[in-house]
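What follows is one structure encoded as structure tokens, with my remarks underneath.
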Amino acid sequence: MINNIFLNKLAFLTLVSAFWSYGCSNSSVVVETEASVASISPERQQAIQTAEALIEKLPDSPTGYRALATAFIRIGRETGDPTNNEKALEAIEKGLSLNANDQALLKLKATVFLSDHRFDEAREIGKKLQKDIPNDNYVLGILADANAELGNYSVAADFAQQMVDARPDSSSYARAAHLRSLYGDHDGSVEMYKLAARTADPSDKEAVAWCLAQLGNELWNNGKYDESLKVYNESLQVMPGYHHALYGKGRTLASQGDLAGAKVILIEAQNRSAGIDTVLLLGDVYRSLGDSGNAAKQYAIAEGGDETMGAHYDEHRMALFWADNDKNLDRALEVAKADYAVIKDIYASDILAWSLYKKGMFAEAKTQITEAMRLKSNDARIYYHAGMIDLSLNDKASAKKHLQRAINLNPKFDLFKAVSAQETLKALAQN
């Protein structure tokens with residue numbers, strides 16, 4: 001299942017950079033958090049030591065805790081190890097116990113909440129901060145991010161525009177790029193991501209690599225595989241081994257039919273950061289290669305939950321996997337409903353629609369997929385789901401339109417569902 005759903009949910013998080021700079025084997029296994037320790041740069045290790053020394057020197061000041069939390073957030077971004085968010089939050093809470101109104105710590109707390117999908121809590125912090133510092137770009141970014149992830153897109157766009165107007169930099173350009181993508185403005189999104197990469201602090205390699213990886217995602221979403229591969233490689237040149245770029249490169253190679261190459265890259269990506277999207281995609285690649293044994297191992301890792309995935313596990317992502325594979329459908333629908341109750345973005349609508357469809361609740365699925373398409377985002381998976389739901393309601397004309405739209409946008413959006421879309425279109429053409 002080549003998809004981009006949770007990468008999109010994290011697509012805004014350039015907050016820490018903006019705050020401080022403004023400006024192998026054939027059988028892959030999950031590597032636990034100790035693997036990420038080895039990839040922590042000497043610079044970040046030094047940052048932790050410096051922060052700890054500052055805490056020891058000034059135990060009654062939140063200053064050291066700000067520095068320590070920032071170091072852990074940066075490490076989390078660079079390594080893809082989400083356990084660093086827990087460490088960051090622990091430092092933040094200790095700092096806030098010394099000064100509950102410390103604005104820098106509250107900004108960092110909102111950053112962690114955004115990364116952990118605690119969007120409503122992040123928004124509340126943003127609202128509190130905005131009362132005291134209404135024109136602060138970091139705060140505007142928190143509010144833009146949280147509202148976008150909660151499905152309040154027009155509100156998010158307003159905050160993003162305020163950011164661009166006040167300080168046209170990498171952080172504001174990245175938000176504008178993501179929102180343009182959500183509204184189906186591919187050319188505008190590409191332009192903004194290029195500006196974000198160009199204006200990022202060159203000394204912050206992760207920030208530059210992140211912007212390039214997001215540009216690669218936008219190009220891949222629109223079926224521009226050669227261009228996306230080039231950009232992912234640029235991201236990896238800036239930051240070798242960067243997990244976001246490795247995942248994107250592996251997915252693109254799979255879309256281009258280079259399954260052997262995709263396997264190699266995705267094994268590296270998983271060994272660096274065993275994110276659930278990487279684990280599942282590698283399973284799909286093994287399955288496509290006819291290696292059912294390793295495919296089963298990959299899927300078992302994902303379905304093992306916290307026991308095998310640790311902090312990387314995300315049951316919301318598993319709801320899509322279960323629906324795709326006609327497994328555990330009652331739980332998939334339960335999770336999708338709970339997700340949508342809190343996060344009413346287009347992706348939550350899409351997963352709920354697909355889960356309803358797989359349970360035979362076609363009219364309800366139609367309502368939800370219409371919600372998922374409300375922004376006209378260039379997401380082939382959503383249009384594929386729409387086409388199959390239309391077909392279940394015997395609306396063949398609409399089914400053809402949406403399935404063709406999916407294939408035209410991104411002809412290899414999924415190793416299996418793209419084939420299903422093509423076969424369904426062929427069958428419809430014969431009727």
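Residues are named by chain letter and number: chains run A, B, ... in the order of the structure tokens, numbers start at 1 in each chain, and ligands are numbered from 1 in the order shown.
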Exercise. Using only C-alpha atoms, which residues sit within 7 Å of stretch 239-250 of chain A once same-chain residues fewer than 3 positions away are excluded, as a list in words?
Worked result: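 Skipping anything fewer than 3 positions along the chain leaves Gly80, Lys205, Glu206, Ala209, Ala213, Asn217, Leu229, Tyr232, Ser235, Leu236, Leu253, Ala254, Ala262, Ile265, Leu266, Ala269, Arg272, Ser273 and Thr278 of chain A.
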Problem set entry | Contact residues around A:Ser189 with only C-alpha atoms at 12 Å, ignoring same-chain residues under 5 positions, as JSON, numbers by chain | {"A": [173, 174, 175, 176, 177, 178, 179, 180, 181, 182, 183, 184, 194, 195, 196, 211, 214, 215, 216, 217, 218, 219, 221, 222, 377, 378]}
For this session: Skip stretch 328-342 of chain A itself and residues of its chain fewer than 2 positions away, then list as a list of chain:residue names all residues within 6 Å of it, counting only C-alpha atoms.
Result: A:Ala319, A:Trp322, A:Lys344, A:Ala348, A:Leu352, A:Ser355
Exercise. Given the choices A:Ala160, A:Ile389, A:Leu150, A:Ile40, which gets closest to A:Asp345 if the distance is worked out from only C-alpha atoms?
Worked result: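 Of all the options, A:Leu150 lies closest to A:Asp345.
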Problem set entry | stretch 100-105 of chain A surroundings by only C-alpha atoms, 10 Å radius, close-in-sequence under 4 positions cut, as a ChimeraX atom specification | /A:19,62-63,65-67,69-70,89,91-96,109-111,125,128-129,132-133,138-139
For this session: Name the residues of stretch 143-390 of chain A that come out as alpha helix (DSSP H) in a backbone DSSP run; write them as a VMD selection string.
Result: chain A and resid 143 to 149 153 to 166 170 to 182 186 to 199 205 to 221 225 to 238 243 to 255 259 to 272 276 to 288 292 to 303 306 to 309 315 to 324 329 to 342 346 to 358 362 to 372 380 to 390
For this session: Just the residues within 7 Å of A:Leu143, please, counting only C-alpha atoms, with nothing from its chain fewer than 2 positions along; format it as a list in words.
Result: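 Residues meeting the cut-off are Arg123, Gly126, Val139, Leu140, Gly141, Asp145, Ala146, Asn147, Ala156 and Phe159 of chain A.
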Exercise. Neighbours of A:Arg44 within 8 Å (only C-alpha atoms; same-chain residues fewer than 4 positions away dropped), as JSON, numbers by chain?
Worked result: {"A": [40, 48, 71, 74, 75]}
Once you have the residues from the selection above, write them out as a PDB file, in the first residue's frame, restricted to all heavy atoms.
```pdb
ATOM      1  N   ILE A  40      22.472   9.498  16.647  1.00  0.00           N
ATOM      2  CA  ILE A  40      22.439  10.840  17.213  1.00  0.00           C
ATOM      3  C   ILE A  40      23.769  11.520  16.907  1.00  0.00           C
ATOM      4  O   ILE A  40      24.834  10.988  17.216  1.00  0.00           O
ATOM      5  CB  ILE A  40      22.192  10.802  18.732  1.00  0.00           C
ATOM      6  CG1 ILE A  40      20.825  10.195  19.036  1.00  0.00           C
ATOM      7  CG2 ILE A  40      22.284  12.197  19.325  1.00  0.00           C
ATOM      8  CD1 ILE A  40      20.569  10.009  20.520  1.00  0.00           C
ATOM      9  N   ILE A  48      22.727  18.002  24.513  1.00  0.00           N
ATOM     10  CA  ILE A  48      22.156  17.406  25.718  1.00  0.00           C
ATOM     11  C   ILE A  48      23.069  17.654  26.913  1.00  0.00           C
ATOM     12  O   ILE A  48      22.616  18.044  27.999  1.00  0.00           O
ATOM     13  CB  ILE A  48      21.924  15.894  25.514  1.00  0.00           C
ATOM     14  CG1 ILE A  48      20.788  15.659  24.511  1.00  0.00           C
ATOM     15  CG2 ILE A  48      21.598  15.211  26.841  1.00  0.00           C
ATOM     16  CD1 ILE A  48      20.590  14.203  24.145  1.00  0.00           C
ATOM     17  N   ALA A  71      16.723  19.892  22.270  1.00  0.00           N
ATOM     18  CA  ALA A  71      17.657  18.872  21.794  1.00  0.00           C
ATOM     19  C   ALA A  71      16.931  17.561  21.503  1.00  0.00           C
ATOM     20  O   ALA A  71      17.158  16.927  20.459  1.00  0.00           O
ATOM     21  CB  ALA A  71      18.756  18.652  22.827  1.00  0.00           C
ATOM     22  N   ARG A  74      14.745  17.855  18.329  1.00  0.00           N
ATOM     23  CA  ARG A  74      15.592  17.802  17.128  1.00  0.00           C
ATOM     24  C   ARG A  74      16.069  16.368  16.851  1.00  0.00           C
ATOM     25  O   ARG A  74      16.077  15.925  15.703  1.00  0.00           O
ATOM     26  CB  ARG A  74      16.793  18.733  17.298  1.00  0.00           C
ATOM     27  CG  ARG A  74      16.471  20.213  17.104  1.00  0.00           C
ATOM     28  CD  ARG A  74      17.743  21.042  17.238  1.00  0.00           C
ATOM     29  NE  ARG A  74      17.496  22.449  16.959  1.00  0.00           N
ATOM     30  CZ  ARG A  74      17.611  23.001  15.766  1.00  0.00           C
ATOM     31  NH1 ARG A  74      17.928  22.250  14.718  1.00  0.00           N
ATOM     32  NH2 ARG A  74      17.387  24.292  15.590  1.00  0.00           N
ATOM     33  N   ILE A  75      16.450  15.665  17.901  1.00  0.00           N
ATOM     34  CA  ILE A  75      16.895  14.280  17.734  1.00  0.00           C
ATOM     35  C   ILE A  75      15.746  13.431  17.187  1.00  0.00           C
ATOM     36  O   ILE A  75      15.940  12.592  16.295  1.00  0.00           O
ATOM     37  CB  ILE A  75      17.409  13.711  19.071  1.00  0.00           C
ATOM     38  CG1 ILE A  75      18.723  14.389  19.467  1.00  0.00           C
ATOM     39  CG2 ILE A  75      17.614  12.192  18.966  1.00  0.00           C
ATOM     40  CD1 ILE A  75      19.143  14.125  20.889  1.00  0.00           C
TER      41      ILE A  75
END
```
Exercise. By how many Å are atom CA of A:Ala260 and atom CA of A:Leu280 apart?
Worked result: 16.0 Å
Problem set entry | Nearest to A:Lys224 by atom-to-atom distance, counting only C-alpha atoms, from A:Pro59, A:Gly275, A:Pro411, A:Gly188 |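 Ranked by minimum distance to A:Lys224, first place goes to A:Pro411.
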